[in-house]
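**Student:** Got entry-v9.cif for you, mmCIF, N, CA and C atoms and all ligand atoms:
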```cif
data_input
loop_
_atom_site.label_atom_id
_atom_site.label_comp_id
_atom_site.auth_asym_id
_atom_site.auth_seq_id
_atom_site.Cartn_x
_atom_site.Cartn_y
_atom_site.Cartn_z
N PRO A 941 -8.05 16.53 -28.44
CA PRO A 941 -7.65 17.66 -27.57
C PRO A 941 -7.39 17.16 -26.16
N ALA A 942 -6.37 17.70 -25.54
CA ALA A 942 -6.05 17.24 -24.18
C ALA A 942 -7.18 17.66 -23.25
N ARG A 943 -7.57 16.71 -22.35
CA ARG A 943 -8.67 17.02 -21.44
C ARG A 943 -8.15 17.95 -20.35
N LYS A 944 -8.88 19.04 -20.08
CA LYS A 944 -8.38 20.01 -19.06
C LYS A 944 -8.48 19.38 -17.67
N SER A 945 -9.69 19.25 -17.16
CA SER A 945 -9.78 18.75 -15.77
C SER A 945 -10.41 17.37 -15.79
N LYS A 946 -10.18 16.63 -14.70
CA LYS A 946 -10.75 15.29 -14.59
C LYS A 946 -12.26 15.39 -14.42
N THR A 947 -12.98 14.53 -15.12
CA THR A 947 -14.43 14.52 -14.87
C THR A 947 -14.68 13.72 -13.59
N SER A 948 -15.86 13.91 -13.03
CA SER A 948 -16.16 13.18 -11.78
C SER A 948 -16.19 11.69 -12.10
N LYS A 949 -16.59 11.36 -13.34
CA LYS A 949 -16.65 9.92 -13.71
C LYS A 949 -15.26 9.31 -13.57
N ASP A 950 -14.24 10.00 -14.14
CA ASP A 950 -12.88 9.46 -14.04
C ASP A 950 -12.52 9.17 -12.59
N SER A 951 -12.73 10.16 -11.71
CA SER A 951 -12.22 9.97 -10.34
C SER A 951 -13.05 8.90 -9.62
N SER A 952 -14.33 8.75 -9.95
CA SER A 952 -15.10 7.70 -9.24
C SER A 952 -14.68 6.32 -9.76
N SER A 953 -14.32 6.22 -11.06
CA SER A 953 -13.89 4.90 -11.55
C SER A 953 -12.49 4.61 -11.02
N GLU A 954 -11.66 5.67 -10.89
CA GLU A 954 -10.33 5.45 -10.29
C GLU A 954 -10.49 4.98 -8.85
N LEU A 955 -11.43 5.57 -8.14
CA LEU A 955 -11.69 5.21 -6.74
C LEU A 955 -12.11 3.75 -6.64
N ALA A 956 -12.95 3.31 -7.59
CA ALA A 956 -13.40 1.91 -7.61
C ALA A 956 -12.20 0.99 -7.82
N VAL A 957 -11.28 1.41 -8.67
CA VAL A 957 -10.08 0.59 -8.91
C VAL A 957 -9.23 0.54 -7.64
N CYS A 958 -9.13 1.64 -6.93
CA CYS A 958 -8.35 1.65 -5.69
C CYS A 958 -8.95 0.69 -4.66
N HIS A 959 -10.27 0.70 -4.54
CA HIS A 959 -10.93 -0.23 -3.59
C HIS A 959 -10.64 -1.68 -3.99
N MET A 960 -10.71 -1.93 -5.29
CA MET A 960 -10.52 -3.31 -5.77
C MET A 960 -9.07 -3.75 -5.53
N LEU A 961 -8.13 -2.85 -5.88
CA LEU A 961 -6.71 -3.15 -5.67
C LEU A 961 -6.43 -3.44 -4.20
N LEU A 962 -6.96 -2.59 -3.31
CA LEU A 962 -6.71 -2.76 -1.88
C LEU A 962 -7.29 -4.09 -1.39
N ALA A 963 -8.47 -4.44 -1.88
CA ALA A 963 -9.09 -5.72 -1.48
C ALA A 963 -8.21 -6.89 -1.92
N GLU A 964 -7.63 -6.79 -3.10
CA GLU A 964 -6.76 -7.88 -3.58
C GLU A 964 -5.49 -7.97 -2.74
N LEU A 965 -4.94 -6.81 -2.36
CA LEU A 965 -3.74 -6.81 -1.52
C LEU A 965 -4.04 -7.46 -0.17
N GLU A 966 -5.18 -7.08 0.42
CA GLU A 966 -5.54 -7.61 1.76
C GLU A 966 -5.77 -9.11 1.72
N ALA A 967 -6.21 -9.62 0.56
CA ALA A 967 -6.54 -11.05 0.44
C ALA A 967 -5.31 -11.89 0.10
N HIS A 968 -4.20 -11.24 -0.23
CA HIS A 968 -2.99 -11.94 -0.67
C HIS A 968 -2.39 -12.72 0.51
N ARG A 969 -1.87 -13.92 0.23
CA ARG A 969 -1.37 -14.76 1.34
C ARG A 969 -0.14 -14.12 2.01
N CYS A 970 0.53 -13.20 1.34
CA CYS A 970 1.71 -12.55 1.94
C CYS A 970 1.37 -11.20 2.59
N ALA A 971 0.07 -10.90 2.76
CA ALA A 971 -0.34 -9.59 3.30
C ALA A 971 -0.20 -9.52 4.82
N TRP A 972 -0.03 -10.66 5.50
CA TRP A 972 -0.17 -10.71 6.96
C TRP A 972 0.66 -9.67 7.72
N PRO A 973 1.90 -9.30 7.29
CA PRO A 973 2.61 -8.30 8.12
C PRO A 973 2.08 -6.88 7.94
N PHE A 974 1.22 -6.66 6.93
CA PHE A 974 0.86 -5.31 6.51
C PHE A 974 -0.60 -4.94 6.77
N LEU A 975 -1.35 -5.86 7.39
CA LEU A 975 -2.80 -5.66 7.51
C LEU A 975 -3.18 -4.60 8.53
N THR A 976 -2.39 -4.48 9.59
CA THR A 976 -2.71 -3.52 10.66
C THR A 976 -1.44 -2.74 11.03
N PRO A 977 -1.59 -1.60 11.71
CA PRO A 977 -0.41 -0.80 12.06
C PRO A 977 0.60 -1.62 12.89
N VAL A 978 1.88 -1.43 12.63
CA VAL A 978 2.90 -2.11 13.43
C VAL A 978 2.83 -1.56 14.86
N ASN A 979 2.67 -2.46 15.84
CA ASN A 979 2.65 -2.04 17.25
C ASN A 979 4.09 -1.81 17.69
N HIS A 980 4.50 -0.51 17.76
CA HIS A 980 5.93 -0.27 17.98
C HIS A 980 6.39 -0.68 19.39
N LYS A 981 5.43 -0.99 20.29
CA LYS A 981 5.82 -1.53 21.60
C LYS A 981 6.27 -2.99 21.45
N ALA A 982 5.73 -3.68 20.42
CA ALA A 982 6.07 -5.10 20.21
C ALA A 982 7.28 -5.24 19.28
N VAL A 983 7.66 -4.12 18.62
CA VAL A 983 8.74 -4.19 17.64
C VAL A 983 9.79 -3.14 18.00
N PRO A 984 10.82 -3.53 18.76
CA PRO A 984 11.83 -2.56 19.21
C PRO A 984 12.48 -1.84 18.03
N GLY A 985 12.60 -0.52 18.17
CA GLY A 985 13.30 0.26 17.15
C GLY A 985 12.40 0.80 16.06
N TYR A 986 11.18 0.22 15.92
CA TYR A 986 10.35 0.59 14.77
C TYR A 986 9.98 2.07 14.80
N LYS A 987 9.60 2.56 15.98
CA LYS A 987 9.13 3.95 16.10
C LYS A 987 10.24 4.93 15.71
N LYS A 988 11.48 4.58 16.06
CA LYS A 988 12.62 5.47 15.79
C LYS A 988 13.00 5.45 14.32
N VAL A 989 12.99 4.26 13.74
CA VAL A 989 13.50 4.07 12.37
C VAL A 989 12.48 4.50 11.32
N ILE A 990 11.20 4.14 11.52
CA ILE A 990 10.18 4.38 10.49
C ILE A 990 9.41 5.66 10.83
N LYS A 991 9.69 6.72 10.03
CA LYS A 991 9.12 8.05 10.33
C LYS A 991 7.66 8.16 9.94
N ARG A 992 7.26 7.41 8.89
CA ARG A 992 5.87 7.51 8.41
C ARG A 992 5.28 6.11 8.30
N PRO A 993 4.83 5.53 9.43
CA PRO A 993 4.24 4.18 9.38
C PRO A 993 3.00 4.18 8.48
N MET A 994 2.74 3.06 7.82
CA MET A 994 1.55 2.91 6.98
C MET A 994 1.22 1.42 6.88
N ASP A 995 -0.08 1.13 6.77
CA ASP A 995 -0.53 -0.26 6.67
C ASP A 995 -1.85 -0.27 5.90
N PHE A 996 -2.30 -1.47 5.51
CA PHE A 996 -3.48 -1.57 4.64
C PHE A 996 -4.75 -1.09 5.34
N SER A 997 -4.89 -1.32 6.66
CA SER A 997 -6.13 -0.89 7.34
C SER A 997 -6.21 0.63 7.40
N THR A 998 -5.08 1.28 7.56
CA THR A 998 -5.04 2.75 7.57
C THR A 998 -5.39 3.29 6.18
N ILE A 999 -4.86 2.64 5.15
CA ILE A 999 -5.16 3.04 3.77
C ILE A 999 -6.66 2.88 3.50
N LYS A 1000 -7.24 1.77 3.99
CA LYS A 1000 -8.67 1.54 3.77
C LYS A 1000 -9.49 2.64 4.45
N GLU A 1001 -9.09 3.01 5.65
CA GLU A 1001 -9.80 4.05 6.41
C GLU A 1001 -9.72 5.38 5.65
N LYS A 1002 -8.54 5.68 5.13
CA LYS A 1002 -8.36 6.93 4.37
C LYS A 1002 -9.15 6.90 3.07
N LEU A 1003 -9.21 5.73 2.44
CA LEU A 1003 -9.95 5.60 1.17
C LEU A 1003 -11.44 5.78 1.41
N THR A 1004 -11.96 5.15 2.45
CA THR A 1004 -13.41 5.22 2.72
C THR A 1004 -13.81 6.59 3.26
N SER A 1005 -12.84 7.36 3.77
CA SER A 1005 -13.19 8.71 4.26
C SER A 1005 -12.77 9.78 3.24
N ASN A 1006 -12.62 9.33 1.99
CA ASN A 1006 -12.29 10.26 0.89
C ASN A 1006 -11.07 11.12 1.16
N HIS A 1007 -10.08 10.53 1.83
CA HIS A 1007 -8.86 11.29 2.13
C HIS A 1007 -7.99 11.46 0.89
N TYR A 1008 -8.05 10.47 -0.03
CA TYR A 1008 -7.14 10.52 -1.19
C TYR A 1008 -7.73 11.42 -2.27
N LEU A 1009 -6.96 12.45 -2.62
CA LEU A 1009 -7.45 13.41 -3.61
C LEU A 1009 -7.39 12.82 -5.01
N ASN A 1010 -6.40 11.92 -5.21
CA ASN A 1010 -6.27 11.33 -6.54
C ASN A 1010 -5.56 9.98 -6.42
N LEU A 1011 -5.43 9.32 -7.56
CA LEU A 1011 -4.85 7.98 -7.61
C LEU A 1011 -3.42 7.99 -7.09
N GLU A 1012 -2.69 9.04 -7.44
CA GLU A 1012 -1.26 9.10 -7.11
C GLU A 1012 -1.04 9.06 -5.60
N THR A 1013 -1.88 9.77 -4.84
CA THR A 1013 -1.68 9.81 -3.38
C THR A 1013 -2.01 8.45 -2.78
N PHE A 1014 -2.96 7.72 -3.38
CA PHE A 1014 -3.27 6.36 -2.92
C PHE A 1014 -2.07 5.44 -3.18
N ILE A 1015 -1.54 5.50 -4.39
CA ILE A 1015 -0.40 4.63 -4.76
C ILE A 1015 0.82 4.97 -3.90
N ALA A 1016 0.98 6.27 -3.57
CA ALA A 1016 2.12 6.68 -2.73
C ALA A 1016 2.03 6.02 -1.35
N ASP A 1017 0.82 5.91 -0.77
CA ASP A 1017 0.68 5.27 0.54
C ASP A 1017 0.94 3.77 0.45
N ILE A 1018 0.47 3.15 -0.63
CA ILE A 1018 0.73 1.71 -0.80
C ILE A 1018 2.24 1.48 -0.87
N ASN A 1019 2.93 2.30 -1.65
CA ASN A 1019 4.39 2.14 -1.79
C ASN A 1019 5.11 2.45 -0.48
N LEU A 1020 4.53 3.32 0.35
CA LEU A 1020 5.12 3.63 1.66
C LEU A 1020 5.16 2.37 2.53
N VAL A 1021 4.11 1.56 2.44
CA VAL A 1021 4.08 0.29 3.19
C VAL A 1021 5.30 -0.57 2.82
N PHE A 1022 5.55 -0.66 1.50
CA PHE A 1022 6.64 -1.53 1.04
C PHE A 1022 8.01 -0.90 1.28
N ASP A 1023 8.10 0.43 1.17
CA ASP A 1023 9.38 1.10 1.42
C ASP A 1023 9.76 0.96 2.89
N ASN A 1024 8.78 1.13 3.80
CA ASN A 1024 9.04 0.94 5.23
C ASN A 1024 9.52 -0.48 5.50
N CYS A 1025 8.87 -1.44 4.85
CA CYS A 1025 9.22 -2.85 5.04
C CYS A 1025 10.66 -3.09 4.61
N LYS A 1026 11.04 -2.56 3.45
CA LYS A 1026 12.39 -2.77 2.94
C LYS A 1026 13.43 -2.11 3.84
N LYS A 1027 13.02 -0.95 4.42
CA LYS A 1027 13.97 -0.22 5.27
C LYS A 1027 14.23 -0.98 6.58
N PHE A 1028 13.20 -1.59 7.15
CA PHE A 1028 13.32 -2.15 8.50
C PHE A 1028 13.70 -3.62 8.51
N ASN A 1029 13.30 -4.36 7.49
CA ASN A 1029 13.46 -5.81 7.49
C ASN A 1029 14.56 -6.27 6.54
N GLU A 1030 15.29 -7.32 6.99
CA GLU A 1030 16.28 -7.94 6.09
C GLU A 1030 15.57 -8.49 4.86
N ASP A 1031 16.22 -8.40 3.70
CA ASP A 1031 15.59 -8.90 2.46
C ASP A 1031 15.16 -10.36 2.58
N GLN A 1032 15.98 -11.17 3.25
CA GLN A 1032 15.69 -12.61 3.31
C GLN A 1032 14.86 -13.00 4.53
N SER A 1033 14.42 -12.02 5.32
CA SER A 1033 13.54 -12.36 6.46
C SER A 1033 12.15 -12.69 5.94
N GLU A 1034 11.33 -13.33 6.77
CA GLU A 1034 9.96 -13.69 6.37
C GLU A 1034 9.18 -12.43 5.98
N ILE A 1035 9.32 -11.37 6.79
CA ILE A 1035 8.57 -10.14 6.50
C ILE A 1035 9.16 -9.45 5.27
N GLY A 1036 10.50 -9.45 5.15
CA GLY A 1036 11.14 -8.85 3.98
C GLY A 1036 10.70 -9.52 2.70
N LYS A 1037 10.64 -10.86 2.71
CA LYS A 1037 10.21 -11.60 1.51
C LYS A 1037 8.74 -11.34 1.21
N ALA A 1038 7.92 -11.26 2.25
CA ALA A 1038 6.49 -10.97 2.05
C ALA A 1038 6.32 -9.60 1.40
N GLY A 1039 7.09 -8.61 1.88
CA GLY A 1039 7.00 -7.26 1.32
C GLY A 1039 7.41 -7.22 -0.13
N TYR A 1040 8.45 -7.99 -0.49
CA TYR A 1040 8.90 -8.03 -1.89
C TYR A 1040 7.82 -8.64 -2.78
N ASN A 1041 7.21 -9.74 -2.28
CA ASN A 1041 6.14 -10.39 -3.05
C ASN A 1041 4.94 -9.47 -3.24
N MET A 1042 4.57 -8.75 -2.16
CA MET A 1042 3.40 -7.86 -2.24
C MET A 1042 3.67 -6.71 -3.19
N LYS A 1043 4.90 -6.19 -3.19
CA LYS A 1043 5.23 -5.06 -4.07
C LYS A 1043 5.17 -5.50 -5.53
N ARG A 1044 5.69 -6.68 -5.81
CA ARG A 1044 5.65 -7.20 -7.19
C ARG A 1044 4.20 -7.39 -7.63
N PHE A 1045 3.40 -7.98 -6.72
CA PHE A 1045 1.99 -8.21 -7.05
C PHE A 1045 1.28 -6.89 -7.32
N PHE A 1046 1.51 -5.90 -6.46
CA PHE A 1046 0.83 -4.60 -6.61
C PHE A 1046 1.22 -3.94 -7.93
N ASN A 1047 2.52 -3.92 -8.23
CA ASN A 1047 2.98 -3.27 -9.46
C ASN A 1047 2.35 -3.93 -10.68
N LYS A 1048 2.27 -5.27 -10.65
CA LYS A 1048 1.66 -6.02 -11.77
C LYS A 1048 0.20 -5.63 -11.92
N ARG A 1049 -0.54 -5.62 -10.80
CA ARG A 1049 -1.99 -5.41 -10.86
C ARG A 1049 -2.35 -3.98 -11.23
N TRP A 1050 -1.65 -2.98 -10.67
CA TRP A 1050 -2.12 -1.62 -10.98
C TRP A 1050 -1.74 -1.25 -12.41
N THR A 1051 -0.64 -1.78 -12.91
CA THR A 1051 -0.34 -1.48 -14.32
C THR A 1051 -1.34 -2.18 -15.23
N GLU A 1052 -1.78 -3.39 -14.87
CA GLU A 1052 -2.83 -4.08 -15.66
C GLU A 1052 -4.12 -3.28 -15.65
N LEU A 1053 -4.48 -2.77 -14.49
CA LEU A 1053 -5.78 -2.11 -14.34
C LEU A 1053 -5.80 -0.68 -14.85
N LEU A 1054 -4.63 -0.01 -14.77
CA LEU A 1054 -4.68 1.44 -15.00
C LEU A 1054 -3.85 1.94 -16.16
N GLN A 1055 -3.14 1.04 -16.82
CA GLN A 1055 -2.34 1.55 -17.96
C GLN A 1055 -2.74 0.83 -19.24
C1 LIG A 1101 5.50 -4.85 8.49
C2 LIG A 1101 6.37 -5.02 9.68
N1 LIG A 1101 7.65 -4.56 9.60
C3 LIG A 1101 8.49 -4.72 10.64
C4 LIG A 1101 8.08 -5.37 11.80
C5 LIG A 1101 6.76 -5.85 11.92
C6 LIG A 1101 5.90 -5.68 10.84
N2 LIG A 1101 4.59 -6.16 10.90
C7 LIG A 1101 3.93 -6.40 12.17
C8 LIG A 1101 2.43 -6.51 11.97
C9 LIG A 1101 4.47 -7.66 12.84
C10 LIG A 1101 4.79 -8.78 12.09
C11 LIG A 1101 5.27 -9.94 12.76
C12 LIG A 1101 5.41 -9.93 14.14
C13 LIG A 1101 5.06 -8.78 14.87
C14 LIG A 1101 4.61 -7.65 14.21
O1 LIG A 1101 5.09 -8.73 16.23
C15 LIG A 1101 6.33 -8.97 16.95
C16 LIG A 1101 6.59 -10.45 17.02
C17 LIG A 1101 6.97 -10.99 15.68
O2 LIG A 1101 5.85 -11.05 14.79
#
```
Could I get this file's structure written as structure tokens?
**Tutor:**
Amino acid sequence: PARKSKTSKDSSSELAVCHMLLAELEAHRCAWPFLTPVNHKAVPGYKKVIKRPMDFSTIKEKLTSNHYLNLETFIADINLVFDNCKKFNEDQSEIGKAGYNMKRFFNKRWTELLQ
């Protein structure tokens, strides 16, 4: 029978997976452009072009303060980091290449862990 609502066990184990996934992303050698919010004073044009900035430290803060209602909203913020990167950076730039590597790594890991 299809389960009606999520049990608390499900959401706490999903939360544990989110913490683990985020820790792996932060430890990745290509994580350096994404660890902290982009300082738009140091990066001309960023504030105008990127409407919804996101970075791993902000995601960690939201995760630890129970901001994410479910797995999907967590994954949406992770993907926002990579979508912003693709929008602002040339594909072949150092940051563009780092973003591509991180996105591939994330997609591989969350499908391994959650599907
Ligand atoms: C993810 C992202 N997208 C577009 C631009 C920057 C960033 N990341 C930030 C953290 C950053 C990375 C490299 C930087 C930088 C800032 O400071 C300006 C000087 C050059 O070095």
**Student:** Hey, can you check how far atom C of His968 (chain A) sits from atom N of Lys988 (chain A)?
**Tutor:** 27.1 Å
**Student:** Counting only C-alpha atoms, figure out which residue out of A:Asn979, A:Asn1029, A:Thr1013, A:Asn1047 gets nearest to Leu961 (chain A).
**Tutor:**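 Ranked by minimum distance to Leu961 (chain A), first place goes to A:Asn1047.
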**Student:** What separation in Å, quoted to one decimal, exists between CA of Leu1020 (chain A) and CA of Ala1038 (chain A)?
**Tutor:**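 Computed distance, CA of Leu1020 (chain A) to CA of Ala1038 (chain A), equals 14.7 Å.
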**Student:** What does the distance between CA of Val983 (chain A) and CA of Cys1025 (chain A) come to in Å, to one decimal place?
**Tutor:**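 Straight-line distance from CA of Val983 (chain A) to CA of Cys1025 (chain A) works out to 12.7 Å.
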**Student:** With only N, CA and C atoms as the counted atoms, please give the residues lying no more than 8 Å from region 1000-1002 of chain A, apart from itself and same-chain residues fewer than 5 positions off, as a list in words.
**Tutor:** His959, Leu962, Asp995, His1007 and Tyr1008 of chain A
**Student:** For those residues, write N, CA and C atoms to a file as a PDB file, in the frame of the given file.
**Tutor:**
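Output contents, as saved in result.pdb:
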```pdb
ATOM      1  N   HIS A 959     -10.270   0.700  -4.540  1.00  0.00           N
ATOM      2  CA  HIS A 959     -10.930  -0.230  -3.590  1.00  0.00           C
ATOM      3  C   HIS A 959     -10.640  -1.680  -3.990  1.00  0.00           C
ATOM      4  N   LEU A 962      -6.960  -2.590  -3.310  1.00  0.00           N
ATOM      5  CA  LEU A 962      -6.710  -2.760  -1.880  1.00  0.00           C
ATOM      6  C   LEU A 962      -7.290  -4.090  -1.390  1.00  0.00           C
ATOM      7  N   ASP A 995      -0.080   1.130   6.770  1.00  0.00           N
ATOM      8  CA  ASP A 995      -0.530  -0.260   6.670  1.00  0.00           C
ATOM      9  C   ASP A 995      -1.850  -0.270   5.900  1.00  0.00           C
ATOM     10  N   HIS A1007     -10.080  10.530   1.830  1.00  0.00           N
ATOM     11  CA  HIS A1007      -8.860  11.290   2.130  1.00  0.00           C
ATOM     12  C   HIS A1007      -7.990  11.460   0.890  1.00  0.00           C
ATOM     13  N   TYR A1008      -8.050  10.470  -0.030  1.00  0.00           N
ATOM     14  CA  TYR A1008      -7.140  10.520  -1.190  1.00  0.00           C
ATOM     15  C   TYR A1008      -7.730  11.420  -2.270  1.00  0.00           C
TER      16      TYR A1008
END
```
**Student:** Taking all atoms listed in the file into account, which of A:Leu1009, A:Ala967, A:Ile1018, A:Ala982 comes nearest ligand LIG 1101 (chain A)?
**Tutor:**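 Going through A:Leu1009, A:Ala967, A:Ile1018, A:Ala982 one by one, the smallest distance to ligand LIG 1101 (chain A) is for A:Ala982.
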**Student:** With only C-alpha atoms and all ligand atoms counted, collect every polymer residue having an atom within 8 Å of ligand LIG 1101 (chain A); state the result as a VMD selection string.
**Tutor:** chain A and resid 972 to 979 982 to 983 986 995 1021 1024 to 1025 1028 to 1029 1035 to 1036 1039
**Student:** Output requested as a PDB file, in the coordinates of the input - region 961-971 of chain A, filled out with all heavy atoms.
**Tutor:**
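Written out: part35.pdb:
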```
ATOM      1  N   LEU A 961      -8.130  -2.850  -5.880  1.00  0.00           N
ATOM      2  CA  LEU A 961      -6.710  -3.150  -5.670  1.00  0.00           C
ATOM      3  C   LEU A 961      -6.430  -3.440  -4.200  1.00  0.00           C
ATOM      4  O   LEU A 961      -5.767  -4.406  -3.850  1.00  0.00           O
ATOM      5  CB  LEU A 961      -5.856  -1.962  -6.139  1.00  0.00           C
ATOM      6  CG  LEU A 961      -5.365  -1.976  -7.566  1.00  0.00           C
ATOM      7  CD1 LEU A 961      -4.696  -0.654  -7.916  1.00  0.00           C
ATOM      8  CD2 LEU A 961      -4.398  -3.126  -7.764  1.00  0.00           C
ATOM      9  N   LEU A 962      -6.960  -2.590  -3.310  1.00  0.00           N
ATOM     10  CA  LEU A 962      -6.710  -2.760  -1.880  1.00  0.00           C
ATOM     11  C   LEU A 962      -7.290  -4.090  -1.390  1.00  0.00           C
ATOM     12  O   LEU A 962      -6.641  -4.810  -0.627  1.00  0.00           O
ATOM     13  CB  LEU A 962      -7.300  -1.589  -1.094  1.00  0.00           C
ATOM     14  CG  LEU A 962      -6.990  -1.558   0.407  1.00  0.00           C
ATOM     15  CD1 LEU A 962      -5.475  -1.558   0.646  1.00  0.00           C
ATOM     16  CD2 LEU A 962      -7.620  -0.339   1.056  1.00  0.00           C
ATOM     17  N   ALA A 963      -8.470  -4.440  -1.880  1.00  0.00           N
ATOM     18  CA  ALA A 963      -9.090  -5.720  -1.480  1.00  0.00           C
ATOM     19  C   ALA A 963      -8.210  -6.890  -1.920  1.00  0.00           C
ATOM     20  O   ALA A 963      -8.006  -7.851  -1.165  1.00  0.00           O
ATOM     21  CB  ALA A 963     -10.485  -5.839  -2.089  1.00  0.00           C
ATOM     22  N   GLU A 964      -7.630  -6.790  -3.100  1.00  0.00           N
ATOM     23  CA  GLU A 964      -6.760  -7.880  -3.580  1.00  0.00           C
ATOM     24  C   GLU A 964      -5.490  -7.970  -2.740  1.00  0.00           C
ATOM     25  O   GLU A 964      -5.033  -9.062  -2.397  1.00  0.00           O
ATOM     26  CB  GLU A 964      -6.398  -7.634  -5.057  1.00  0.00           C
ATOM     27  CG  GLU A 964      -7.559  -7.840  -6.011  1.00  0.00           C
ATOM     28  CD  GLU A 964      -7.146  -7.684  -7.481  1.00  0.00           C
ATOM     29  OE1 GLU A 964      -5.936  -7.642  -7.756  1.00  0.00           O
ATOM     30  OE2 GLU A 964      -8.037  -7.597  -8.326  1.00  0.00           O
ATOM     31  N   LEU A 965      -4.940  -6.810  -2.360  1.00  0.00           N
ATOM     32  CA  LEU A 965      -3.740  -6.810  -1.520  1.00  0.00           C
ATOM     33  C   LEU A 965      -4.040  -7.460  -0.170  1.00  0.00           C
ATOM     34  O   LEU A 965      -3.295  -8.305   0.313  1.00  0.00           O
ATOM     35  CB  LEU A 965      -3.232  -5.385  -1.313  1.00  0.00           C
ATOM     36  CG  LEU A 965      -2.611  -4.690  -2.521  1.00  0.00           C
ATOM     37  CD1 LEU A 965      -2.320  -3.227  -2.192  1.00  0.00           C
ATOM     38  CD2 LEU A 965      -1.340  -5.389  -2.961  1.00  0.00           C
ATOM     39  N   GLU A 966      -5.180  -7.080   0.420  1.00  0.00           N
ATOM     40  CA  GLU A 966      -5.540  -7.610   1.760  1.00  0.00           C
ATOM     41  C   GLU A 966      -5.770  -9.110   1.720  1.00  0.00           C
ATOM     42  O   GLU A 966      -5.525  -9.815   2.693  1.00  0.00           O
ATOM     43  CB  GLU A 966      -6.800  -6.908   2.277  1.00  0.00           C
ATOM     44  CG  GLU A 966      -6.588  -5.460   2.669  1.00  0.00           C
ATOM     45  CD  GLU A 966      -7.902  -4.762   3.012  1.00  0.00           C
ATOM     46  OE1 GLU A 966      -8.901  -5.004   2.302  1.00  0.00           O
ATOM     47  OE2 GLU A 966      -7.924  -3.984   3.978  1.00  0.00           O
ATOM     48  N   ALA A 967      -6.210  -9.620   0.560  1.00  0.00           N
ATOM     49  CA  ALA A 967      -6.540 -11.050   0.440  1.00  0.00           C
ATOM     50  C   ALA A 967      -5.310 -11.890   0.100  1.00  0.00           C
ATOM     51  O   ALA A 967      -5.355 -13.111   0.176  1.00  0.00           O
ATOM     52  CB  ALA A 967      -7.599 -11.237  -0.655  1.00  0.00           C
ATOM     53  N   HIS A 968      -4.200 -11.240  -0.230  1.00  0.00           N
ATOM     54  CA  HIS A 968      -2.990 -11.940  -0.670  1.00  0.00           C
ATOM     55  C   HIS A 968      -2.390 -12.720   0.510  1.00  0.00           C
ATOM     56  O   HIS A 968      -2.377 -12.230   1.639  1.00  0.00           O
ATOM     57  CB  HIS A 968      -1.988 -10.917  -1.216  1.00  0.00           C
ATOM     58  CG  HIS A 968      -0.868 -11.497  -2.011  1.00  0.00           C
ATOM     59  ND1 HIS A 968       0.156 -12.220  -1.445  1.00  0.00           N
ATOM     60  CD2 HIS A 968      -0.608 -11.473  -3.342  1.00  0.00           C
ATOM     61  CE1 HIS A 968       1.005 -12.606  -2.389  1.00  0.00           C
ATOM     62  NE2 HIS A 968       0.567 -12.165  -3.548  1.00  0.00           N
ATOM     63  N   ARG A 969      -1.870 -13.920   0.230  1.00  0.00           N
ATOM     64  CA  ARG A 969      -1.370 -14.760   1.340  1.00  0.00           C
ATOM     65  C   ARG A 969      -0.140 -14.120   2.010  1.00  0.00           C
ATOM     66  O   ARG A 969       0.178 -14.443   3.146  1.00  0.00           O
ATOM     67  CB  ARG A 969      -1.025 -16.152   0.827  1.00  0.00           C
ATOM     68  CG  ARG A 969       0.133 -16.190  -0.146  1.00  0.00           C
ATOM     69  CD  ARG A 969       0.481 -17.617  -0.595  1.00  0.00           C
ATOM     70  NE  ARG A 969       1.713 -17.578  -1.362  1.00  0.00           N
ATOM     71  CZ  ARG A 969       2.919 -17.537  -0.803  1.00  0.00           C
ATOM     72  NH1 ARG A 969       3.026 -17.565   0.510  1.00  0.00           N
ATOM     73  NH2 ARG A 969       3.986 -17.463  -1.539  1.00  0.00           N
ATOM     74  N   CYS A 970       0.530 -13.200   1.340  1.00  0.00           N
ATOM     75  CA  CYS A 970       1.710 -12.550   1.940  1.00  0.00           C
ATOM     76  C   CYS A 970       1.370 -11.200   2.590  1.00  0.00           C
ATOM     77  O   CYS A 970       2.261 -10.440   2.961  1.00  0.00           O
ATOM     78  CB  CYS A 970       2.781 -12.315   0.872  1.00  0.00           C
ATOM     79  SG  CYS A 970       3.502 -13.836   0.246  1.00  0.00           S
ATOM     80  N   ALA A 971       0.070 -10.900   2.760  1.00  0.00           N
ATOM     81  CA  ALA A 971      -0.340  -9.590   3.300  1.00  0.00           C
ATOM     82  C   ALA A 971      -0.200  -9.520   4.820  1.00  0.00           C
ATOM     83  O   ALA A 971      -0.197  -8.422   5.381  1.00  0.00           O
ATOM     84  CB  ALA A 971      -1.778  -9.295   2.896  1.00  0.00           C
TER      85      ALA A 971
END
```
